[in-house]
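Chemist: Got a structure for you, written out below as structure tokens; questions coming shortly.
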There are 2 protein chains.
Amino acid sequence: MNIKLTNALIPSLDNMTISEGCVIVEGNSIVYVGDTPNDNDKVYDRVIDLKGNLILPGFCNAHTHSAMAFLRSYADDLPLHSWLKDDVFPNEDKLTPEDIYVLCKLAVAEYLTSGITSCFDMYFFPDTAVKAFVDTGFRCTFCGAKLENLEEYYTTLNNVSDLITFKLGFHAEYTTPMEQMKEAAALSQKYKAPVWCHNSETKSEVEGCIERYGMTPTKLMDSIGMFEYGGGGFHCVHVNDEDADIFRRHNMTAVTCPCSNSKLASGIAKLDKFTDRGVNLAIGTDGAASNNALDMFREMYLMTVLQKLDKDDAAAMPAQTVLRAACEGGARAMGLDRCGRIEAGYLADFTVIDMHSPNMRPRNNILKNIVYSGSKSNVMLTAVNGKILYKNGEFFIGEDIEDIYTKAEGICKRIFEG
Amino acid sequence: MNIKLTNALIPSLDNMTISEGCVIVEGNSIVYVGDTPNDNDKVYDRVIDLKGNLILPGFCNAHTHSAMAFLRSYADDLPLHSWLKDDVFPNEDKLTPEDIYVLCKLAVAEYLTSGITSCFDMYFFPDTAVKAFVDTGFRCTFCGAKLENLEEYYTTLNNVSDLITFKLGFHAEYTTPMEQMKEAAALSQKYKAPVWCHNSETKSEVEGCIERYGMTPTKLMDSIGMFEYGGGGFHCVHVNDEDADIFRRHNMTAVTCPCSNSKLASGIAKLDKFTDRGVNLAIGTDGAASNNALDMFREMYLMTVLQKLDKDDAAAMPAQTVLRAACEGGARAMGLDRCGRIEAGYLADFTVIDMHSPNMRPRNNILKNIVYSGSKSNVMLTAVNGKILYKNGEFFIGEDIEDIYTKAEGICKRIFEG
């Protein structure tokens with residue numbers, strides 16, 4: 001499928017400028033970005049006049065549990081650990097692989113409405129989840145949560161589709177015995193592969209680790225060789241300077257989840273510890289159970305304003321750092337070297353932002369508008385791997401959206417009332 | 001104009017329940033809420049099948065400077081006082097009444113996209129601003145900013161339209177000499193009317209007032225009889241117990257502006273000081289220069305998660321308190337006794353929320369979905385005073401939206417480049 005997108009506003013996140021022009025997609029890739037070419041003799045499958053709207057690299061959602069959508073608004077307003085123990089874990093035990101398949105599709109639909117084109121997922125039944133992503137046409141880097149089948153998933157799921165990548169990982173220090181963490185480290189050495197896990201999400205998690213092992217989770221995992229080939233941490237709220245040095249030394253990524261960390265009262269991440277050291281930052285929504293939305297616009301806004309509040313400095317965490325974390329930073333975390341930019345040679349994962357909405361006017365600074373006043377209501381179109389999966393409120397994900405809703409409601413009924 | 005809305009989900013914010021039924025609007029009022037009546041013989045101007053979508057009372061945006069939309073994304077990432085002095089005040093001096101008219105219309109369009117049906121505005125040229133609200137069909141309570149014409153505006157602008165109310169007010173203690181504050185207090189006594197102003201927005205404002213007068217802004221104003229007939233404060237971030245007692249004693253409203261207070265690093269309001277005392281809470285977006293969006297969904301989310309963060313308690317500021325502040329609390333602040341509820345006898349200010357969007361599914365708790373995962377992307381329709389002003393992305397506000405955009409861009413060009 002060849003697509004020519006004309007009259008586009010095209011951003012550079014390197015210098016926060018905008019140019020006007022044309023983007024051409026062939027197959028799954030962007031092959032041209034620049035002035036509109038005189039190619040009237042060439043046949044395109046689709047020519048779309050973007051009428052001065054903005055094309056952005058699709059957002060890379062660098063931490064989520066897609067299937068947790070079933071718990072949205074089920075048990076809010078509870079502290080993280082009792083919430084996990086009383087409301088999350090017992091209900092998750094009732095999930096079947098078929099449930100995961102439906103719930104991942106529901107999450108994909110929500111991602112698309114927010115301009116998100118890939119997600120870094122961690123959950124049960126990776127093989128079923130991955131099938132949902134492939135069937136919808138969505139890009140996913142999946143990350144192991146349990147050690148028992150980790151190597152098997154690693155060696156098989158990396159080969160199922162060009163949409164899917166699988167990374168080594170485990171849930172977190174506080175849920176994983178040392179023996180298993182050592183297994184994960186050994187696998188990372190064997191495959192020269194990065195490792196991912198939840199890290200320093202809450203103060204009590206860090207205090208517990210210090211009690212158990214005499215050091216922070218980051219230092220503990222580093223001490224057993226976990227990060228020799230990089231990787232990163234999800235949340236990274238309660239890190240100290242030594243932790244951040246470890247992130248820098250191993251070229252790791254810190255994935256911040258500002259909405260989830262706020263709603264669960266986990267705290268405000270000290271992101272300057274990472275930016276000061278040049279550590280790659282990415283942004284994750286976390287699951288809909290904790291957030292409760294899968295919306296990168298809300299994450300971007302909270303990411304910047306929470307830093308401003310925490311530092312008592314309205315100049316903290318400028319829009320550019322946020323926007324790059326949402327696009328390229330996430331792509332880098334997920335190992336997607338060809339995502340996160342609107343450039344020839346990159347994969348055609350992009351979203352189109354309506355500039356003809358009141359919250360995008362005036363256009364004093366279009367890219368600041370995206371971060372500071374943007375909303376998923378501005379998302380007109382989202383494409384993954386060269387295919388348009390969402391346009392003007394309609395989904396093209398291989399299954400009728402109302403059928404997905406009906407199945408998801410049925411799952412909730414069975415689990416919560418059954 | 002009579003409108004029959006069938007197959008609606010109708011909430012009660014009193015007990016957070018939902019019923020299914022029908023809402024009938026006659027003229028500017030809701031005349032019936034309940035089971036769908038057998039009235040096939042009755043002629044309605046419009047019958048709208050809401051197909052299981054949710055009708056909500058329109059949000060009442062209880063603090064804004066609508067015309068400040070021209071400064072959106074013009075000067076971000078600066079501390080409040082230098083931002084006001086260097087970037088806001090000098091550019092505001094260049095605004096003409098005609099500019100205000102255009103910019104208020106731009107803001108109205110943005111309000112409508114977020115389900116907002118009324119605003120509590122404070123700015124220059126109230127008579128021109130009020131004309132913009134009347135011409136678009138939007139409801140506005142305007143509040144004086146300067147003392148010189150306050151009484152004249154109060155006696156004239158309260159009679160121009162049933163859409164418009166005018167309240168006594170002034171900008172803030174730190175921008176108003178004592179003599180003028182006493183004039184405002186005297187007017188409030190004369191007309192037995194409430195008074196409104198910015199109050200305790202920043203720490204330095206409160207410290208400055210204590211230096212100047214030996215007491216907090218709230219106590220100072222109370223000491224000169226400002227609040228004998230009620231009123232309230234915008235922002236109320238840095239209040240102490242004694243201040244909150246004054247709010248309670250005079251039946252005042254605290255208007256919280258969580259996005260603006262975060263983005264400008266002003267701080268997190270101690271809202272429990274108000275809720276513990278039963279003080280009415282309302283929510284304001286503040287102007288687009290500081291926020292930078294006019295979006296009640298973002299305000300509601302920040303209002304709750306910031307309290308959770310600040311109290312280190314994920315149970316703080318439950319969804320119900322937030323939703324009531326956004327609807328009834330705001331209406332009460334603005335003196336709109338017949339707004340803020342979907343009930344017979346109330347004015348027909350309402351919005352319709354699309355329940356067929358992924359972020360509204362599953363429906364474990366529909367009203368929590370609104371606060372925790374809702375977005376302006378879910379707003380299908382917004383009606384004010386019985387008239388539909390926004391539906392499925394289209395505006396019905398008396399002027400073409402593209403013309404408003406063009407004029408607004410022209411104003412910015414003249415002011416910033418001229």
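The way I read the labels, and the way they are meant: chains A, B, ... in the order of the structure tokens, residue 1 as the first residue of every chain, and ligand 1 as the first ligand shown, with later ones counted on from there.
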Could you give me, as a list in words, the residues within 6 Å of region 65-78 of chain B, counting only C-alpha atoms and dropping anything in the same chain fewer than 3 positions from it?
Modeler: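 Counting only C-alpha atoms, the residues come to Ala314, Ala315, Asn364, Asn365, Lys368 and Asn369 of chain A; Trp83, Ile100, Leu103, Cys104, Ala107, Asp121, Met122, Tyr123, Gly287, Ala288, Ala289 and Asn292 of chain B.
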Chemist: Superimpose chain B on chain A so that the squared distances between all in-order C-alpha pairs are minimised, and send the result as a compact mmCIF listing (two decimals) with C-alpha atoms, in the first residue's frame.
Modeler:
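New file part.txt:
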# COMPACT_ATOMS: atom_id res chain seq x y z
CA MET B 1 0.01 -0.02 0.01
CA ASN B 2 1.43 3.36 -1.03
CA ILE B 3 0.10 6.50 0.63
CA LYS B 4 0.83 10.11 -0.25
CA LEU B 5 0.08 12.61 2.51
CA THR B 6 0.02 16.17 1.18
CA ASN B 7 -0.25 19.59 2.84
CA ALA B 8 1.16 18.26 6.09
CA LEU B 9 2.84 20.16 8.87
CA ILE B 10 5.94 18.12 9.67
CA PRO B 11 7.77 18.63 12.97
CA SER B 12 11.38 18.26 13.89
CA LEU B 13 11.63 17.30 17.54
CA ASP B 14 15.38 17.98 17.35
CA ASN B 15 14.86 21.72 17.18
CA MET B 16 11.09 22.09 17.74
CA THR B 17 10.46 23.53 14.30
CA ILE B 18 7.72 22.80 11.79
CA SER B 19 7.91 22.61 8.02
CA GLU B 20 5.18 22.24 5.43
CA GLY B 21 5.29 19.44 2.93
CA CYS B 22 4.53 15.91 1.92
CA VAL B 23 5.11 12.47 3.43
CA ILE B 24 5.14 9.36 1.24
CA VAL B 25 4.65 5.87 2.64
CA GLU B 26 5.49 2.69 0.72
CA GLY B 27 4.62 -0.59 2.37
CA ASN B 28 5.46 -0.29 6.04
CA SER B 29 7.96 2.55 5.70
CA ILE B 30 8.23 6.28 5.21
CA VAL B 31 10.17 6.69 1.97
CA TYR B 32 10.01 10.44 1.45
CA VAL B 33 9.58 13.60 3.52
CA GLY B 34 9.89 16.99 1.87
CA ASP B 35 8.37 19.38 -0.65
CA THR B 36 5.43 17.97 -2.58
CA PRO B 37 6.97 16.20 -5.59
CA ASN B 38 5.67 16.58 -9.15
CA ASP B 39 4.76 12.93 -9.55
CA ASN B 40 1.30 13.08 -11.08
CA ASP B 41 2.23 10.11 -13.25
CA LYS B 42 2.79 7.95 -10.18
CA VAL B 43 -0.10 5.83 -8.90
CA TYR B 44 -0.77 5.84 -5.16
CA ASP B 45 -3.27 3.60 -3.40
CA ARG B 46 -4.32 6.62 -1.37
CA VAL B 47 -3.65 10.34 -1.56
CA ILE B 48 -4.71 12.14 1.60
CA ASP B 49 -4.80 15.92 1.76
CA LEU B 50 -3.89 16.72 5.37
CA LYS B 51 -5.11 20.31 4.92
CA GLY B 52 -2.45 21.86 7.12
CA ASN B 53 -2.82 19.35 9.91
CA LEU B 54 0.20 18.01 11.77
CA ILE B 55 1.79 14.61 11.27
CA LEU B 56 3.54 13.37 14.40
CA PRO B 57 5.57 10.22 15.01
CA GLY B 58 3.22 7.81 16.78
CA PHE B 59 3.62 7.84 20.54
CA CYS B 60 5.48 4.85 22.01
CA ASN B 61 3.79 3.83 25.24
CA ALA B 62 6.76 2.41 27.10
CA HIS B 63 4.99 0.74 30.02
CA THR B 64 1.57 -0.83 30.14
CA HIS B 65 -0.44 -3.89 31.05
CA SER B 66 -2.94 -3.75 28.19
CA ALA B 67 -5.25 -6.49 29.43
CA MET B 68 -5.74 -4.77 32.79
CA ALA B 69 -8.40 -2.68 31.05
CA PHE B 70 -10.93 -5.03 32.67
CA LEU B 71 -10.16 -3.45 36.06
CA ARG B 72 -10.76 0.15 34.94
CA SER B 73 -12.74 2.04 37.61
CA TYR B 74 -13.29 -1.23 39.48
CA ALA B 75 -11.35 -0.37 42.61
CA ASP B 76 -10.08 3.17 42.75
CA ASP B 77 -8.88 5.26 45.63
CA LEU B 78 -6.79 2.60 47.38
CA PRO B 79 -3.08 2.51 48.26
CA LEU B 80 -0.90 0.47 45.85
CA HIS B 81 -0.08 -2.56 47.95
CA SER B 82 -3.56 -3.28 49.33
CA TRP B 83 -4.98 -2.50 45.89
CA LEU B 84 -2.65 -5.11 44.32
CA LYS B 85 -3.28 -7.74 46.99
CA ASP B 86 -7.05 -7.36 47.49
CA ASP B 87 -8.41 -6.19 44.16
CA VAL B 88 -5.91 -6.88 41.42
CA PHE B 89 -4.22 -10.24 42.05
CA PRO B 90 -7.37 -12.26 43.02
CA ASN B 91 -9.27 -11.05 39.94
CA GLU B 92 -6.32 -11.53 37.62
CA ASP B 93 -6.25 -15.18 38.70
CA LYS B 94 -9.59 -15.62 36.98
CA LEU B 95 -8.37 -14.38 33.59
CA THR B 96 -8.22 -16.90 30.74
CA PRO B 97 -6.01 -16.58 27.64
CA GLU B 98 -9.16 -15.78 25.62
CA ASP B 99 -9.87 -12.89 28.01
CA ILE B 100 -6.38 -11.53 27.45
CA TYR B 101 -6.96 -11.63 23.69
CA VAL B 102 -10.15 -9.55 23.93
CA LEU B 103 -8.81 -7.11 26.50
CA CYS B 104 -5.63 -6.42 24.52
CA LYS B 105 -7.80 -5.55 21.53
CA LEU B 106 -9.81 -3.15 23.68
CA ALA B 107 -6.56 -1.51 24.81
CA VAL B 108 -5.29 -1.25 21.23
CA ALA B 109 -8.43 0.67 20.27
CA GLU B 110 -7.82 3.08 23.13
CA TYR B 111 -4.13 3.51 22.22
CA LEU B 112 -5.08 4.40 18.66
CA THR B 113 -7.48 7.13 19.81
CA SER B 114 -4.55 8.76 21.59
CA GLY B 115 -2.05 8.55 18.71
CA ILE B 116 -0.15 5.67 20.33
CA THR B 117 1.34 3.30 17.75
CA SER B 118 3.28 0.86 19.91
CA CYS B 119 3.24 -0.41 23.47
CA PHE B 120 5.72 -2.04 25.81
CA ASP B 121 3.47 -4.58 27.49
CA MET B 122 4.11 -6.87 30.45
CA TYR B 123 1.48 -9.38 31.49
CA PHE B 124 0.38 -13.01 31.61
CA PHE B 125 -0.17 -15.22 28.56
CA PRO B 126 2.25 -13.38 26.25
CA ASP B 127 1.50 -15.67 23.31
CA THR B 128 -2.21 -14.83 23.36
CA ALA B 129 -1.55 -11.15 23.93
CA VAL B 130 0.86 -11.07 21.00
CA LYS B 131 -1.79 -12.66 18.79
CA ALA B 132 -4.17 -9.81 19.63
CA PHE B 133 -1.57 -7.24 18.65
CA VAL B 134 -0.76 -9.00 15.40
CA ASP B 135 -4.45 -9.44 14.51
CA THR B 136 -5.18 -5.74 15.09
CA GLY B 137 -2.01 -4.66 13.25
CA PHE B 138 -0.54 -2.94 16.32
CA ARG B 139 3.14 -2.86 17.24
CA CYS B 140 4.12 -4.35 20.57
CA THR B 141 7.28 -5.05 22.49
CA PHE B 142 6.31 -7.62 25.07
CA CYS B 143 8.26 -8.21 28.21
CA GLY B 144 8.26 -11.37 30.33
CA ALA B 145 6.58 -11.20 33.70
CA LYS B 146 7.24 -14.73 35.02
CA LEU B 147 10.54 -16.59 34.88
CA GLU B 148 9.22 -20.09 34.16
CA ASN B 149 8.69 -19.69 30.40
CA LEU B 150 10.88 -16.64 29.84
CA GLU B 151 13.51 -18.28 27.64
CA GLU B 152 10.92 -20.13 25.59
CA TYR B 153 8.99 -16.93 24.93
CA TYR B 154 12.21 -15.09 24.14
CA THR B 155 13.27 -17.61 21.51
CA THR B 156 9.83 -17.99 19.90
CA LEU B 157 7.94 -14.70 20.18
CA ASN B 158 10.72 -12.66 18.58
CA ASN B 159 9.96 -14.47 15.33
CA VAL B 160 6.17 -14.36 14.99
CA SER B 161 5.71 -11.03 13.18
CA ASP B 162 7.56 -7.85 12.29
CA LEU B 163 5.13 -6.11 14.65
CA ILE B 164 6.33 -8.04 17.69
CA THR B 165 9.49 -7.92 19.79
CA PHE B 166 9.98 -9.83 23.02
CA LYS B 167 12.32 -8.64 25.79
CA LEU B 168 13.65 -10.39 28.86
CA GLY B 169 12.02 -9.25 32.07
CA PHE B 170 10.32 -10.07 35.33
CA HIS B 171 7.74 -8.29 37.48
CA ALA B 172 9.85 -6.71 40.24
CA GLU B 173 12.35 -7.35 42.99
CA TYR B 174 9.64 -7.45 45.67
CA THR B 175 7.70 -10.21 43.87
CA THR B 176 10.67 -12.26 42.61
CA PRO B 177 12.96 -14.51 44.68
CA MET B 178 16.70 -13.89 44.34
CA GLU B 179 17.18 -17.26 42.64
CA GLN B 180 14.83 -16.26 39.84
CA MET B 181 16.40 -12.82 39.47
CA LYS B 182 19.72 -14.60 39.00
CA GLU B 183 18.13 -16.76 36.29
CA ALA B 184 16.99 -13.60 34.49
CA ALA B 185 20.50 -12.16 34.76
CA ALA B 186 21.94 -15.41 33.40
CA LEU B 187 19.57 -15.31 30.42
CA SER B 188 20.61 -11.74 29.71
CA GLN B 189 24.24 -12.87 29.66
CA LYS B 190 23.41 -15.85 27.45
CA TYR B 191 21.55 -13.77 24.86
CA LYS B 192 23.45 -10.51 25.41
CA ALA B 193 20.01 -8.98 25.92
CA PRO B 194 18.62 -6.14 28.01
CA VAL B 195 16.38 -6.83 31.03
CA TRP B 196 13.28 -4.93 32.17
CA CYS B 197 11.26 -4.81 35.38
CA HIS B 198 9.26 -2.57 37.67
CA ASN B 199 11.77 -0.65 39.73
CA SER B 200 11.46 1.70 42.70
CA GLU B 201 7.79 2.44 42.14
CA THR B 202 6.99 3.04 45.80
CA LYS B 203 8.94 4.14 48.83
CA SER B 204 8.01 0.97 50.70
CA GLU B 205 9.31 -1.19 47.83
CA VAL B 206 12.73 0.48 48.09
CA GLU B 207 12.73 0.34 51.91
CA GLY B 208 11.75 -3.35 51.78
CA CYS B 209 14.59 -4.14 49.39
CA ILE B 210 17.08 -2.32 51.60
CA GLU B 211 15.80 -4.35 54.56
CA ARG B 212 16.04 -7.61 52.62
CA TYR B 213 19.36 -7.04 50.85
CA GLY B 214 20.94 -3.94 52.32
CA MET B 215 20.71 -2.02 49.05
CA THR B 216 18.27 -0.38 46.63
CA PRO B 217 16.58 -2.49 43.93
CA THR B 218 18.70 -0.90 41.19
CA LYS B 219 21.97 -1.54 43.02
CA LEU B 220 20.90 -5.05 43.96
CA MET B 221 20.06 -6.00 40.39
CA ASP B 222 23.22 -4.37 39.10
CA SER B 223 25.22 -6.36 41.66
CA ILE B 224 24.07 -9.64 40.09
CA GLY B 225 24.92 -8.50 36.57
CA MET B 226 21.35 -7.84 35.46
CA PHE B 227 22.03 -4.80 33.31
CA GLU B 228 25.28 -5.64 31.54
CA TYR B 229 23.37 -5.44 28.24
CA GLY B 230 21.18 -2.56 29.29
CA GLY B 231 17.42 -2.55 29.71
CA GLY B 232 15.62 -0.35 32.16
CA GLY B 233 13.09 0.20 34.85
CA PHE B 234 9.38 0.96 34.86
CA HIS B 235 8.29 3.82 37.16
CA CYS B 236 11.67 4.74 38.76
CA VAL B 237 10.04 7.08 41.28
CA HIS B 238 12.26 6.61 44.31
CA VAL B 239 15.79 6.51 42.91
CA ASN B 240 18.95 7.99 44.37
CA ASP B 241 22.05 9.35 42.64
CA GLU B 242 23.83 6.02 42.77
CA ASP B 243 20.85 4.33 41.08
CA ALA B 244 20.82 6.99 38.36
CA ASP B 245 24.56 6.48 37.84
CA ILE B 246 23.87 2.77 37.22
CA PHE B 247 21.22 3.71 34.64
CA ARG B 248 23.76 5.90 32.87
CA ARG B 249 26.61 3.41 33.06
CA HIS B 250 24.57 0.67 31.40
CA ASN B 251 22.83 2.95 28.89
CA MET B 252 19.45 2.07 30.41
CA THR B 253 16.06 3.76 30.06
CA ALA B 254 13.92 5.15 32.87
CA VAL B 255 10.23 4.83 32.00
CA THR B 256 8.13 7.35 33.89
CA CYS B 257 4.40 6.77 34.52
CA PRO B 258 3.22 10.10 35.91
CA CYS B 259 -0.54 9.42 35.95
CA SER B 260 -0.31 6.02 37.64
CA ASN B 261 2.26 7.26 40.15
CA SER B 262 -0.01 10.17 41.04
CA LYS B 263 -3.28 8.29 41.21
CA LEU B 264 -1.81 5.57 43.43
CA ALA B 265 0.03 8.20 45.51
CA SER B 266 3.36 6.52 44.76
CA GLY B 267 5.15 9.85 44.40
CA ILE B 268 6.74 12.18 41.86
CA ALA B 269 9.75 10.73 40.03
CA LYS B 270 12.96 12.78 40.33
CA LEU B 271 13.44 12.96 36.58
CA ASP B 272 16.26 15.48 36.75
CA LYS B 273 18.44 12.71 38.16
CA PHE B 274 18.08 11.08 34.73
CA THR B 275 18.07 14.13 32.46
CA ASP B 276 21.14 15.57 34.23
CA ARG B 277 23.01 12.37 33.34
CA GLY B 278 21.69 12.07 29.79
CA VAL B 279 19.77 8.86 30.65
CA ASN B 280 17.10 8.02 28.07
CA LEU B 281 13.58 8.85 29.28
CA ALA B 282 10.39 7.22 28.05
CA ILE B 283 6.76 7.52 29.10
CA GLY B 284 4.26 4.78 30.02
CA THR B 285 0.58 4.84 30.82
CA ASP B 286 0.78 1.77 33.06
CA GLY B 287 -2.43 -0.30 33.02
CA ALA B 288 -5.94 1.13 32.94
CA ALA B 289 -6.52 -0.25 36.45
CA SER B 290 -4.13 2.25 37.97
CA ASN B 291 -4.24 5.23 35.62
CA ASN B 292 -7.17 4.86 34.49
CA ALA B 293 -6.70 5.92 30.87
CA LEU B 294 -4.28 4.90 28.14
CA ASP B 295 -3.72 8.45 26.92
CA MET B 296 -0.29 9.85 26.05
CA PHE B 297 -1.53 13.46 26.05
CA ARG B 298 -2.46 13.23 29.71
CA GLU B 299 0.86 11.55 30.52
CA MET B 300 2.84 14.26 28.73
CA TYR B 301 1.01 17.03 30.56
CA LEU B 302 1.44 15.39 33.95
CA MET B 303 5.07 14.58 33.26
CA THR B 304 5.93 18.25 32.81
CA VAL B 305 3.67 19.88 35.40
CA LEU B 306 4.62 17.43 38.17
CA GLN B 307 8.30 18.26 37.64
CA LYS B 308 7.48 21.98 37.75
CA LEU B 309 5.58 21.47 41.01
CA ASP B 310 8.21 19.24 42.57
CA LYS B 311 11.10 21.57 41.73
CA ASP B 312 9.06 24.69 42.50
CA ASP B 313 10.26 25.84 39.09
CA ALA B 314 7.90 26.53 36.19
CA ALA B 315 10.85 26.16 33.81
CA ALA B 316 11.48 22.52 34.78
CA MET B 317 10.94 19.72 32.22
CA PRO B 318 10.42 21.71 29.00
CA ALA B 319 7.97 20.57 26.32
CA GLN B 320 10.70 19.33 23.98
CA THR B 321 12.08 16.81 26.49
CA VAL B 322 8.55 15.52 27.06
CA LEU B 323 7.71 15.16 23.38
CA ARG B 324 10.97 13.38 22.62
CA ALA B 325 10.43 10.98 25.52
CA ALA B 326 6.93 10.21 24.22
CA CYS B 327 8.24 9.43 20.72
CA GLU B 328 11.93 8.59 20.28
CA GLY B 329 12.62 7.86 23.93
CA GLY B 330 9.93 5.20 23.99
CA ALA B 331 11.06 3.74 20.67
CA ARG B 332 14.60 3.43 21.96
CA ALA B 333 13.38 1.74 25.16
CA MET B 334 11.44 -0.81 23.15
CA GLY B 335 14.30 -1.52 20.77
CA LEU B 336 12.43 0.02 17.83
CA ASP B 337 15.31 1.67 16.04
CA ARG B 338 13.18 2.71 13.10
CA CYS B 339 10.32 4.30 15.08
CA GLY B 340 9.86 7.70 16.70
CA ARG B 341 10.64 10.06 13.82
CA ILE B 342 8.97 11.29 10.66
CA GLU B 343 11.92 10.65 8.35
CA ALA B 344 12.61 8.64 5.23
CA GLY B 345 13.74 5.17 6.25
CA TYR B 346 11.65 5.10 9.40
CA LEU B 347 8.65 2.81 9.84
CA ALA B 348 5.31 4.39 9.00
CA ASP B 349 3.98 4.63 12.57
CA PHE B 350 2.37 8.04 12.81
CA THR B 351 -0.61 10.05 13.92
CA VAL B 352 -2.32 13.11 12.45
CA ILE B 353 -3.25 15.96 14.79
CA ASP B 354 -6.17 18.25 13.92
CA MET B 355 -4.93 21.83 13.89
CA HIS B 356 -8.48 23.07 13.24
CA SER B 357 -9.58 22.63 16.86
CA PRO B 358 -9.88 25.54 19.28
CA ASN B 359 -7.30 24.09 21.72
CA MET B 360 -4.70 24.13 18.91
CA ARG B 361 -5.27 27.86 18.25
CA PRO B 362 -3.66 30.30 18.03
CA ARG B 363 -0.56 28.64 16.61
CA ASN B 364 2.01 30.59 18.64
CA ASN B 365 3.97 27.38 19.13
CA ILE B 366 2.46 24.27 17.61
CA LEU B 367 4.61 21.72 19.42
CA LYS B 368 4.05 23.38 22.79
CA ASN B 369 0.35 23.26 21.99
CA ILE B 370 0.68 19.48 21.65
CA VAL B 371 2.23 19.07 25.11
CA TYR B 372 0.40 21.82 27.02
CA SER B 373 -3.04 21.97 25.46
CA GLY B 374 -3.22 18.86 23.27
CA SER B 375 -5.81 16.16 23.77
CA LYS B 376 -6.75 12.85 22.26
CA SER B 377 -9.71 14.76 20.82
CA ASN B 378 -7.18 16.17 18.34
CA VAL B 379 -6.21 12.75 16.97
CA MET B 380 -7.67 12.39 13.48
CA LEU B 381 -5.80 9.37 12.21
CA THR B 382 -3.35 6.77 13.53
CA ALA B 383 -1.31 4.45 11.33
CA VAL B 384 0.95 1.56 12.29
CA ASN B 385 3.42 -0.15 9.98
CA GLY B 386 2.00 1.72 7.00
CA LYS B 387 -1.63 0.80 7.65
CA ILE B 388 -4.32 3.20 8.81
CA LEU B 389 -5.89 1.59 11.91
CA TYR B 390 -7.94 4.56 13.11
CA LYS B 391 -9.50 7.46 11.25
CA ASN B 392 -12.13 9.99 12.33
CA GLY B 393 -13.47 7.81 15.12
CA GLU B 394 -13.54 4.58 13.09
CA PHE B 395 -11.34 1.56 13.82
CA PHE B 396 -9.80 -0.74 11.21
CA ILE B 397 -8.45 -3.44 13.50
CA GLY B 398 -9.97 -6.60 12.07
CA GLU B 399 -12.94 -6.86 14.44
CA ASP B 400 -15.96 -4.66 15.02
CA ILE B 401 -15.36 -2.38 18.00
CA GLU B 402 -18.86 -3.01 19.42
CA ASP B 403 -18.15 -6.75 19.44
CA ILE B 404 -14.96 -6.10 21.40
CA TYR B 405 -16.93 -3.96 23.89
CA THR B 406 -19.57 -6.65 24.32
CA LYS B 407 -16.98 -9.36 24.94
CA ALA B 408 -15.08 -7.17 27.41
CA GLU B 409 -18.25 -6.42 29.38
CA GLY B 410 -18.95 -10.17 29.45
CA ILE B 411 -15.51 -10.87 30.91
CA CYS B 412 -16.09 -8.32 33.68
CA LYS B 413 -19.52 -9.78 34.45
CA ARG B 414 -18.06 -13.27 34.74
CA ILE B 415 -15.11 -12.24 36.87
CA PHE B 416 -16.78 -9.74 39.19
CA GLU B 417 -20.27 -11.22 39.47
CA GLY B 418 -19.73 -14.84 38.45
Chemist: As a PyMOL selection string, which residues of region 169-396 of chain A does DSSP assign to alpha helix (DSSP H)?
Modeler: chain A and resi 178-191+203-213+217-223+241-249+258-263+272-275+288-291+296-311+319-324+330-333+366-372
Chemist: Per DSSP on the backbone, filter region 82-258 of chain B down to the residues in strand (DSSP E) and report them as number ranges by chain.
Modeler: B: 116-122, 139-143, 164-172, 195-199, 231-235, 253-256
